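Written below as structure tokens is the structure these notes are about.
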Amino acid sequence: ANVSLLHAEMMNEDGFVQHRYGNSPEIATYIFDSQREGHVVFEPSFTYFGFRYVQMTGFPGTPSLTTTLVAHFVHTDMEMTGNIEFAPNDHILNQIQHITRFASLSNYIDIPTDCPQRERRGWPG
């Protein structure tokens, strides 16, 4: 069976992902033995994808919304040199700080980039 994953940052009104922001769509196609039983792991070795949504086609059966796909957050291992914390009861500001930290980390895979879904190559400058 061929299972394709189309990664994107936006979704169209029809529920399909929108992938017009790049030079080419971020598609990963995995070919596996459909007779195989049990848990199958699709994990690329030499690439990564920055995305908010993923559209899956070719999946044999009915996918579960909570267990079929699991995404892993990857980034360069960087030591935290400072920390900003707001009052413990200010959940919104602390959540914004947490999201900001993760957004910054997502832009570091060996080299700093502006956005991980489009600028994964160090040579464009």
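By order of appearance in the structure tokens: chains A, B, ..., then residues from 1 within every chain, and ligands from 1 in the order shown.
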
- Nearby residues (only C-alpha atoms) at most 12 Å from region 87-104 of chain A, same-chain spacing under 6 positions excluded, as a VMD selection string: chain A and resid 50 73 to 76 78 80 to 81 112 to 116

Export of prior selection with N, CA, C and O atoms as a PDB file, in the first residue's frame:
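Output saved as again_17.pdb:
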ATOM      1  N   GLY A  50       7.958  20.992   8.544  1.00  0.00           N
ATOM      2  CA  GLY A  50       7.289  21.961   9.402  1.00  0.00           C
ATOM      3  C   GLY A  50       5.852  22.066   8.916  1.00  0.00           C
ATOM      4  O   GLY A  50       5.620  22.312   7.744  1.00  0.00           O
ATOM      5  N   PHE A  73       8.228  16.863  17.742  1.00  0.00           N
ATOM      6  CA  PHE A  73       8.843  18.182  17.650  1.00  0.00           C
ATOM      7  C   PHE A  73      10.357  18.013  17.715  1.00  0.00           C
ATOM      8  O   PHE A  73      10.875  17.502  18.708  1.00  0.00           O
ATOM      9  N   VAL A  74      11.055  18.399  16.652  1.00  0.00           N
ATOM     10  CA  VAL A  74      12.511  18.260  16.625  1.00  0.00           C
ATOM     11  C   VAL A  74      13.161  19.631  16.504  1.00  0.00           C
ATOM     12  O   VAL A  74      12.614  20.544  15.881  1.00  0.00           O
ATOM     13  N   HIS A  75      14.330  19.752  17.128  1.00  0.00           N
ATOM     14  CA  HIS A  75      15.097  21.002  17.070  1.00  0.00           C
ATOM     15  C   HIS A  75      16.511  20.710  17.548  1.00  0.00           C
ATOM     16  O   HIS A  75      16.795  19.651  18.114  1.00  0.00           O
ATOM     17  N   THR A  76      17.387  21.644  17.309  1.00  0.00           N
ATOM     18  CA  THR A  76      18.751  21.531  17.806  1.00  0.00           C
ATOM     19  C   THR A  76      18.725  21.581  19.334  1.00  0.00           C
ATOM     20  O   THR A  76      17.960  22.347  19.924  1.00  0.00           O
ATOM     21  N   MET A  78      19.603  22.958  22.427  1.00  0.00           N
ATOM     22  CA  MET A  78      20.158  24.250  22.830  1.00  0.00           C
ATOM     23  C   MET A  78      19.936  24.459  24.324  1.00  0.00           C
ATOM     24  O   MET A  78      18.850  24.173  24.841  1.00  0.00           O
ATOM     25  N   MET A  80      19.116  26.537  27.516  1.00  0.00           N
ATOM     26  CA  MET A  80      18.352  27.736  27.824  1.00  0.00           C
ATOM     27  C   MET A  80      19.226  28.660  28.673  1.00  0.00           C
ATOM     28  O   MET A  80      19.778  28.238  29.688  1.00  0.00           O
ATOM     29  N   THR A  81      19.364  29.904  28.240  1.00  0.00           N
ATOM     30  CA  THR A  81      20.229  30.836  28.967  1.00  0.00           C
ATOM     31  C   THR A  81      19.457  31.866  29.767  1.00  0.00           C
ATOM     32  O   THR A  81      20.041  32.623  30.509  1.00  0.00           O
ATOM     33  N   PRO A 112      20.082  28.450  11.893  1.00  0.00           N
ATOM     34  CA  PRO A 112      18.867  29.240  12.118  1.00  0.00           C
ATOM     35  C   PRO A 112      18.133  29.473  10.792  1.00  0.00           C
ATOM     36  O   PRO A 112      18.750  29.718   9.764  1.00  0.00           O
ATOM     37  N   THR A 113      16.814  29.365  10.830  1.00  0.00           N
ATOM     38  CA  THR A 113      15.983  29.626   9.657  1.00  0.00           C
ATOM     39  C   THR A 113      14.881  30.600  10.047  1.00  0.00           C
ATOM     40  O   THR A 113      14.685  30.893  11.228  1.00  0.00           O
ATOM     41  N   ASP A 114      14.140  31.055   9.059  1.00  0.00           N
ATOM     42  CA  ASP A 114      13.029  31.944   9.320  1.00  0.00           C
ATOM     43  C   ASP A 114      11.737  31.166   9.547  1.00  0.00           C
ATOM     44  O   ASP A 114      10.908  31.544  10.353  1.00  0.00           O
ATOM     45  N   CYS A 115      11.561  30.085   8.802  1.00  0.00           N
ATOM     46  CA  CYS A 115      10.385  29.237   8.986  1.00  0.00           C
ATOM     47  C   CYS A 115      10.732  27.815   8.549  1.00  0.00           C
ATOM     48  O   CYS A 115      11.213  27.614   7.445  1.00  0.00           O
ATOM     49  N   PRO A 116      10.498  26.820   9.401  1.00  0.00           N
ATOM     50  CA  PRO A 116      10.960  25.465   9.135  1.00  0.00           C
ATOM     51  C   PRO A 116      10.231  24.767   7.990  1.00  0.00           C
ATOM     52  O   PRO A 116      10.757  23.823   7.426  1.00  0.00           O
TER      53      PRO A 116
END

- Item | Contact residues around Met11 (chain A) with only C-alpha atoms at 10 Å, ignoring same-chain residues under 3 positions, as a list of chain:residue names | A:Ala8, A:Asp14, A:Gly15, A:Phe16, A:Val17, A:Gln18, A:His19, A:Arg52, A:Tyr53, A:Val54, A:Gln55

Grab the residues selected above and save them as a PDB file, in the first residue's frame with all heavy atoms.
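Output (part-v4.pdb):
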ATOM      1  N   ALA A   8       1.130  20.845   5.447  1.00  0.00           N
ATOM      2  CA  ALA A   8       0.762  22.213   5.095  1.00  0.00           C
ATOM      3  C   ALA A   8       0.554  23.051   6.350  1.00  0.00           C
ATOM      4  O   ALA A   8       0.383  22.529   7.444  1.00  0.00           O
ATOM      5  CB  ALA A   8      -0.501  22.219   4.247  1.00  0.00           C
ATOM      6  N   ASP A  14     -12.697  23.656   1.913  1.00  0.00           N
ATOM      7  CA  ASP A  14     -13.241  22.326   1.625  1.00  0.00           C
ATOM      8  C   ASP A  14     -12.663  21.241   2.535  1.00  0.00           C
ATOM      9  O   ASP A  14     -12.989  20.069   2.413  1.00  0.00           O
ATOM     10  CB  ASP A  14     -13.015  21.946   0.162  1.00  0.00           C
ATOM     11  CG  ASP A  14     -11.541  21.888  -0.226  1.00  0.00           C
ATOM     12  OD1 ASP A  14     -10.668  22.042   0.658  1.00  0.00           O
ATOM     13  OD2 ASP A  14     -11.269  21.701  -1.421  1.00  0.00           O
ATOM     14  N   GLY A  15     -11.777  21.624   3.469  1.00  0.00           N
ATOM     15  CA  GLY A  15     -11.214  20.667   4.411  1.00  0.00           C
ATOM     16  C   GLY A  15      -9.922  20.025   3.956  1.00  0.00           C
ATOM     17  O   GLY A  15      -9.333  19.246   4.692  1.00  0.00           O
ATOM     18  N   PHE A  16      -9.464  20.325   2.744  1.00  0.00           N
ATOM     19  CA  PHE A  16      -8.196  19.805   2.262  1.00  0.00           C
ATOM     20  C   PHE A  16      -7.101  20.820   2.544  1.00  0.00           C
ATOM     21  O   PHE A  16      -7.343  22.025   2.621  1.00  0.00           O
ATOM     22  CB  PHE A  16      -8.259  19.511   0.754  1.00  0.00           C
ATOM     23  CG  PHE A  16      -9.135  18.345   0.430  1.00  0.00           C
ATOM     24  CD1 PHE A  16     -10.459  18.523   0.063  1.00  0.00           C
ATOM     25  CD2 PHE A  16      -8.645  17.055   0.506  1.00  0.00           C
ATOM     26  CE1 PHE A  16     -11.267  17.454  -0.225  1.00  0.00           C
ATOM     27  CE2 PHE A  16      -9.441  15.965   0.224  1.00  0.00           C
ATOM     28  CZ  PHE A  16     -10.761  16.171  -0.141  1.00  0.00           C
ATOM     29  N   VAL A  17      -5.876  20.325   2.707  1.00  0.00           N
ATOM     30  CA  VAL A  17      -4.782  21.228   3.041  1.00  0.00           C
ATOM     31  C   VAL A  17      -4.391  22.081   1.847  1.00  0.00           C
ATOM     32  O   VAL A  17      -4.544  21.685   0.694  1.00  0.00           O
ATOM     33  CB  VAL A  17      -3.550  20.462   3.574  1.00  0.00           C
ATOM     34  CG1 VAL A  17      -3.883  19.720   4.842  1.00  0.00           C
ATOM     35  CG2 VAL A  17      -2.977  19.537   2.528  1.00  0.00           C
ATOM     36  N   GLN A  18      -3.908  23.272   2.139  1.00  0.00           N
ATOM     37  CA  GLN A  18      -3.447  24.203   1.115  1.00  0.00           C
ATOM     38  C   GLN A  18      -1.926  24.189   1.116  1.00  0.00           C
ATOM     39  O   GLN A  18      -1.302  24.471   2.134  1.00  0.00           O
ATOM     40  CB  GLN A  18      -3.959  25.606   1.423  1.00  0.00           C
ATOM     41  CG  GLN A  18      -3.558  26.631   0.393  1.00  0.00           C
ATOM     42  CD  GLN A  18      -4.010  28.004   0.804  1.00  0.00           C
ATOM     43  OE1 GLN A  18      -3.275  28.698   1.488  1.00  0.00           O
ATOM     44  NE2 GLN A  18      -5.222  28.382   0.431  1.00  0.00           N
ATOM     45  N   HIS A  19      -1.336  23.872  -0.002  1.00  0.00           N
ATOM     46  CA  HIS A  19       0.115  23.761  -0.058  1.00  0.00           C
ATOM     47  C   HIS A  19       0.711  24.637  -1.143  1.00  0.00           C
ATOM     48  O   HIS A  19       1.741  24.341  -1.706  1.00  0.00           O
ATOM     49  CB  HIS A  19       0.534  22.298  -0.256  1.00  0.00           C
ATOM     50  CG  HIS A  19      -0.083  21.667  -1.468  1.00  0.00           C
ATOM     51  ND1 HIS A  19       0.427  21.815  -2.724  1.00  0.00           N
ATOM     52  CD2 HIS A  19      -1.185  20.912  -1.586  1.00  0.00           C
ATOM     53  CE1 HIS A  19      -0.327  21.155  -3.577  1.00  0.00           C
ATOM     54  NE2 HIS A  19      -1.312  20.610  -2.910  1.00  0.00           N
ATOM     55  N   ARG A  52       1.353  22.476  10.184  1.00  0.00           N
ATOM     56  CA  ARG A  52       0.268  22.590  11.143  1.00  0.00           C
ATOM     57  C   ARG A  52      -0.786  21.508  10.884  1.00  0.00           C
ATOM     58  O   ARG A  52      -1.407  21.012  11.798  1.00  0.00           O
ATOM     59  CB  ARG A  52      -0.366  23.972  11.039  1.00  0.00           C
ATOM     60  CG  ARG A  52      -1.438  24.237  12.046  1.00  0.00           C
ATOM     61  CD  ARG A  52      -1.917  25.664  11.960  1.00  0.00           C
ATOM     62  NE  ARG A  52      -3.021  25.893  12.869  1.00  0.00           N
ATOM     63  CZ  ARG A  52      -3.796  26.939  12.830  1.00  0.00           C
ATOM     64  NH1 ARG A  52      -3.582  27.873  11.935  1.00  0.00           N
ATOM     65  NH2 ARG A  52      -4.781  27.074  13.679  1.00  0.00           N
ATOM     66  N   TYR A  53      -0.964  21.195   9.601  1.00  0.00           N
ATOM     67  CA  TYR A  53      -1.933  20.179   9.191  1.00  0.00           C
ATOM     68  C   TYR A  53      -1.236  19.132   8.334  1.00  0.00           C
ATOM     69  O   TYR A  53      -0.251  19.420   7.663  1.00  0.00           O
ATOM     70  CB  TYR A  53      -3.068  20.799   8.358  1.00  0.00           C
ATOM     71  CG  TYR A  53      -3.842  21.857   9.090  1.00  0.00           C
ATOM     72  CD1 TYR A  53      -3.614  23.205   8.845  1.00  0.00           C
ATOM     73  CD2 TYR A  53      -4.808  21.506  10.027  1.00  0.00           C
ATOM     74  CE1 TYR A  53      -4.330  24.181   9.517  1.00  0.00           C
ATOM     75  CE2 TYR A  53      -5.526  22.479  10.702  1.00  0.00           C
ATOM     76  CZ  TYR A  53      -5.281  23.819  10.441  1.00  0.00           C
ATOM     77  OH  TYR A  53      -5.981  24.766  11.112  1.00  0.00           O
ATOM     78  N   VAL A  54      -1.773  17.932   8.340  1.00  0.00           N
ATOM     79  CA  VAL A  54      -1.290  16.872   7.456  1.00  0.00           C
ATOM     80  C   VAL A  54      -2.508  16.167   6.876  1.00  0.00           C
ATOM     81  O   VAL A  54      -3.484  15.911   7.578  1.00  0.00           O
ATOM     82  CB  VAL A  54      -0.336  15.891   8.184  1.00  0.00           C
ATOM     83  CG1 VAL A  54      -1.040  15.162   9.307  1.00  0.00           C
ATOM     84  CG2 VAL A  54       0.282  14.919   7.219  1.00  0.00           C
ATOM     85  N   GLN A  55      -2.442  15.959   5.564  1.00  0.00           N
ATOM     86  CA  GLN A  55      -3.522  15.259   4.866  1.00  0.00           C
ATOM     87  C   GLN A  55      -3.003  13.885   4.474  1.00  0.00           C
ATOM     88  O   GLN A  55      -1.988  13.776   3.796  1.00  0.00           O
ATOM     89  CB  GLN A  55      -3.935  16.058   3.639  1.00  0.00           C
ATOM     90  CG  GLN A  55      -5.045  15.450   2.834  1.00  0.00           C
ATOM     91  CD  GLN A  55      -5.429  16.371   1.701  1.00  0.00           C
ATOM     92  OE1 GLN A  55      -5.641  17.565   1.898  1.00  0.00           O
ATOM     93  NE2 GLN A  55      -5.495  15.829   0.512  1.00  0.00           N
TER      94      GLN A  55
END

Got a sec: who's within 12 Å of region 62-70 of chain A, counting only C-alpha atoms, leaving out chain neighbours fewer than 4 positions off, as a PDB file with N, CA and C atoms, in the first residue's frame?
ATOM      1  N   VAL A   3       0.919   5.054   1.320  1.00  0.00           N
ATOM      2  CA  VAL A   3       0.305   6.060   2.183  1.00  0.00           C
ATOM      3  C   VAL A   3       1.055   7.360   1.945  1.00  0.00           C
ATOM      4  N   LEU A   5       1.469  11.476   2.855  1.00  0.00           N
ATOM      5  CA  LEU A   5       1.215  12.530   3.834  1.00  0.00           C
ATOM      6  C   LEU A   5       1.576  13.862   3.182  1.00  0.00           C
ATOM      7  N   GLY A  38      -0.180  -5.171  12.842  1.00  0.00           N
ATOM      8  CA  GLY A  38       0.409  -4.480  13.974  1.00  0.00           C
ATOM      9  C   GLY A  38       0.799  -3.048  13.654  1.00  0.00           C
ATOM     10  N   HIS A  39       1.603  -2.499  14.508  1.00  0.00           N
ATOM     11  CA  HIS A  39       2.017  -1.103  14.459  1.00  0.00           C
ATOM     12  C   HIS A  39       3.078  -0.889  13.379  1.00  0.00           C
ATOM     13  N   VAL A  40       2.857   0.081  12.486  1.00  0.00           N
ATOM     14  CA  VAL A  40       3.820   0.415  11.429  1.00  0.00           C
ATOM     15  C   VAL A  40       4.296   1.840  11.691  1.00  0.00           C
ATOM     16  N   VAL A  41       5.608   2.050  11.668  1.00  0.00           N
ATOM     17  CA  VAL A  41       6.178   3.375  11.910  1.00  0.00           C
ATOM     18  C   VAL A  41       6.701   3.933  10.595  1.00  0.00           C
ATOM     19  N   PHE A  42       6.242   5.126  10.241  1.00  0.00           N
ATOM     20  CA  PHE A  42       6.737   5.864   9.087  1.00  0.00           C
ATOM     21  C   PHE A  42       7.570   7.010   9.645  1.00  0.00           C
ATOM     22  N   GLU A  43       8.862   6.945   9.459  1.00  0.00           N
ATOM     23  CA  GLU A  43       9.721   7.956  10.052  1.00  0.00           C
ATOM     24  C   GLU A  43      10.856   8.269   9.085  1.00  0.00           C
ATOM     25  N   TYR A  53      -0.964  21.195   9.601  1.00  0.00           N
ATOM     26  CA  TYR A  53      -1.933  20.179   9.191  1.00  0.00           C
ATOM     27  C   TYR A  53      -1.236  19.132   8.334  1.00  0.00           C
ATOM     28  N   VAL A  54      -1.773  17.932   8.340  1.00  0.00           N
ATOM     29  CA  VAL A  54      -1.290  16.872   7.456  1.00  0.00           C
ATOM     30  C   VAL A  54      -2.508  16.167   6.876  1.00  0.00           C
ATOM     31  N   GLN A  55      -2.442  15.959   5.564  1.00  0.00           N
ATOM     32  CA  GLN A  55      -3.522  15.259   4.866  1.00  0.00           C
ATOM     33  C   GLN A  55      -3.003  13.885   4.474  1.00  0.00           C
ATOM     34  N   MET A  56      -3.697  12.837   4.894  1.00  0.00           N
ATOM     35  CA  MET A  56      -3.245  11.475   4.638  1.00  0.00           C
ATOM     36  C   MET A  56      -4.161  10.818   3.604  1.00  0.00           C
ATOM     37  N   THR A  57      -3.546  10.200   2.597  1.00  0.00           N
ATOM     38  CA  THR A  57      -4.304   9.447   1.599  1.00  0.00           C
ATOM     39  C   THR A  57      -3.701   8.056   1.477  1.00  0.00           C
ATOM     40  N   GLY A  58      -4.525   7.113   1.077  1.00  0.00           N
ATOM     41  CA  GLY A  58      -4.062   5.748   0.862  1.00  0.00           C
ATOM     42  C   GLY A  58      -3.997   4.894   2.103  1.00  0.00           C
TER      43      GLY A  58
END

- Task: Using CA of Glu9 (chain A) and CA of Phe51 (chain A) as the two end points, give the distance in Å to one decimal.
- Result: 5.2 Å

- Item | Residues near Ser4 (chain A), cut-off 12 Å, only C-alpha atoms, skip fewer than 2 positions along chain, as a list in words | Ala1, Asn2, Leu6, His7, Pro25, Glu26, Ile27, Ala28, Thr29, Tyr30, Ile31, Phe32, Phe42, Val54, Gln55, Met56, Thr57, Gly58, Phe59 and Pro60 of chain A

- Query: Looking only at the backbone, which of the residues in region 15-118 of chain A does DSSP tag as alpha helix (DSSP H), as JSON, numbers by chain?
  - Reply: {"A": [91, 92, 93, 94, 95, 96, 97, 98, 99, 100, 101, 102, 103, 104, 105]}

Expected file contents, prior selection, N, CA and C atoms, as a PDB file, in the first residue's frame:
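Final output, part_38.pdb:
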ATOM      1  N   HIS A  91      -2.007  32.786  33.442  1.00  0.00           N
ATOM      2  CA  HIS A  91      -1.890  31.648  32.531  1.00  0.00           C
ATOM      3  C   HIS A  91      -1.699  32.091  31.079  1.00  0.00           C
ATOM      4  N   ILE A  92      -2.379  33.137  30.656  1.00  0.00           N
ATOM      5  CA  ILE A  92      -2.296  33.566  29.254  1.00  0.00           C
ATOM      6  C   ILE A  92      -0.891  34.043  28.915  1.00  0.00           C
ATOM      7  N   LEU A  93      -0.285  34.900  29.739  1.00  0.00           N
ATOM      8  CA  LEU A  93       1.078  35.371  29.457  1.00  0.00           C
ATOM      9  C   LEU A  93       2.095  34.242  29.521  1.00  0.00           C
ATOM     10  N   ASN A  94       1.946  33.328  30.465  1.00  0.00           N
ATOM     11  CA  ASN A  94       2.860  32.186  30.549  1.00  0.00           C
ATOM     12  C   ASN A  94       2.708  31.271  29.338  1.00  0.00           C
ATOM     13  N   GLN A  95       1.496  31.104  28.841  1.00  0.00           N
ATOM     14  CA  GLN A  95       1.279  30.284  27.647  1.00  0.00           C
ATOM     15  C   GLN A  95       1.878  30.964  26.415  1.00  0.00           C
ATOM     16  N   ILE A  96       1.739  32.276  26.309  1.00  0.00           N
ATOM     17  CA  ILE A  96       2.359  33.008  25.192  1.00  0.00           C
ATOM     18  C   ILE A  96       3.869  32.837  25.236  1.00  0.00           C
ATOM     19  N   GLN A  97       4.462  32.923  26.418  1.00  0.00           N
ATOM     20  CA  GLN A  97       5.908  32.733  26.559  1.00  0.00           C
ATOM     21  C   GLN A  97       6.311  31.314  26.133  1.00  0.00           C
ATOM     22  N   HIS A  98       5.543  30.329  26.526  1.00  0.00           N
ATOM     23  CA  HIS A  98       5.819  28.935  26.162  1.00  0.00           C
ATOM     24  C   HIS A  98       5.745  28.751  24.642  1.00  0.00           C
ATOM     25  N   ILE A  99       4.711  29.278  24.019  1.00  0.00           N
ATOM     26  CA  ILE A  99       4.551  29.179  22.566  1.00  0.00           C
ATOM     27  C   ILE A  99       5.686  29.895  21.853  1.00  0.00           C
ATOM     28  N   THR A 100       6.085  31.058  22.354  1.00  0.00           N
ATOM     29  CA  THR A 100       7.182  31.817  21.745  1.00  0.00           C
ATOM     30  C   THR A 100       8.481  31.023  21.807  1.00  0.00           C
ATOM     31  N   ARG A 101       8.743  30.372  22.915  1.00  0.00           N
ATOM     32  CA  ARG A 101       9.951  29.563  23.055  1.00  0.00           C
ATOM     33  C   ARG A 101       9.947  28.414  22.040  1.00  0.00           C
ATOM     34  N   PHE A 102       8.814  27.735  21.900  1.00  0.00           N
ATOM     35  CA  PHE A 102       8.724  26.637  20.943  1.00  0.00           C
ATOM     36  C   PHE A 102       8.819  27.133  19.501  1.00  0.00           C
ATOM     37  N   ALA A 103       8.259  28.297  19.213  1.00  0.00           N
ATOM     38  CA  ALA A 103       8.369  28.861  17.863  1.00  0.00           C
ATOM     39  C   ALA A 103       9.832  29.161  17.536  1.00  0.00           C
ATOM     40  N   SER A 104      10.572  29.659  18.500  1.00  0.00           N
ATOM     41  CA  SER A 104      11.999  29.924  18.278  1.00  0.00           C
ATOM     42  C   SER A 104      12.770  28.627  18.079  1.00  0.00           C
ATOM     43  N   LEU A 105      12.504  27.625  18.906  1.00  0.00           N
ATOM     44  CA  LEU A 105      13.196  26.347  18.770  1.00  0.00           C
ATOM     45  C   LEU A 105      12.909  25.676  17.425  1.00  0.00           C
TER      46      LEU A 105
END

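Coordinates place CA of Ser106 (chain A) at a distance of 13.2 Å from CA of Ala71 (chain A).
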
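Between CA of Asn12 (chain A) and CA of Tyr48 (chain A) the separation is 23.1 Å.
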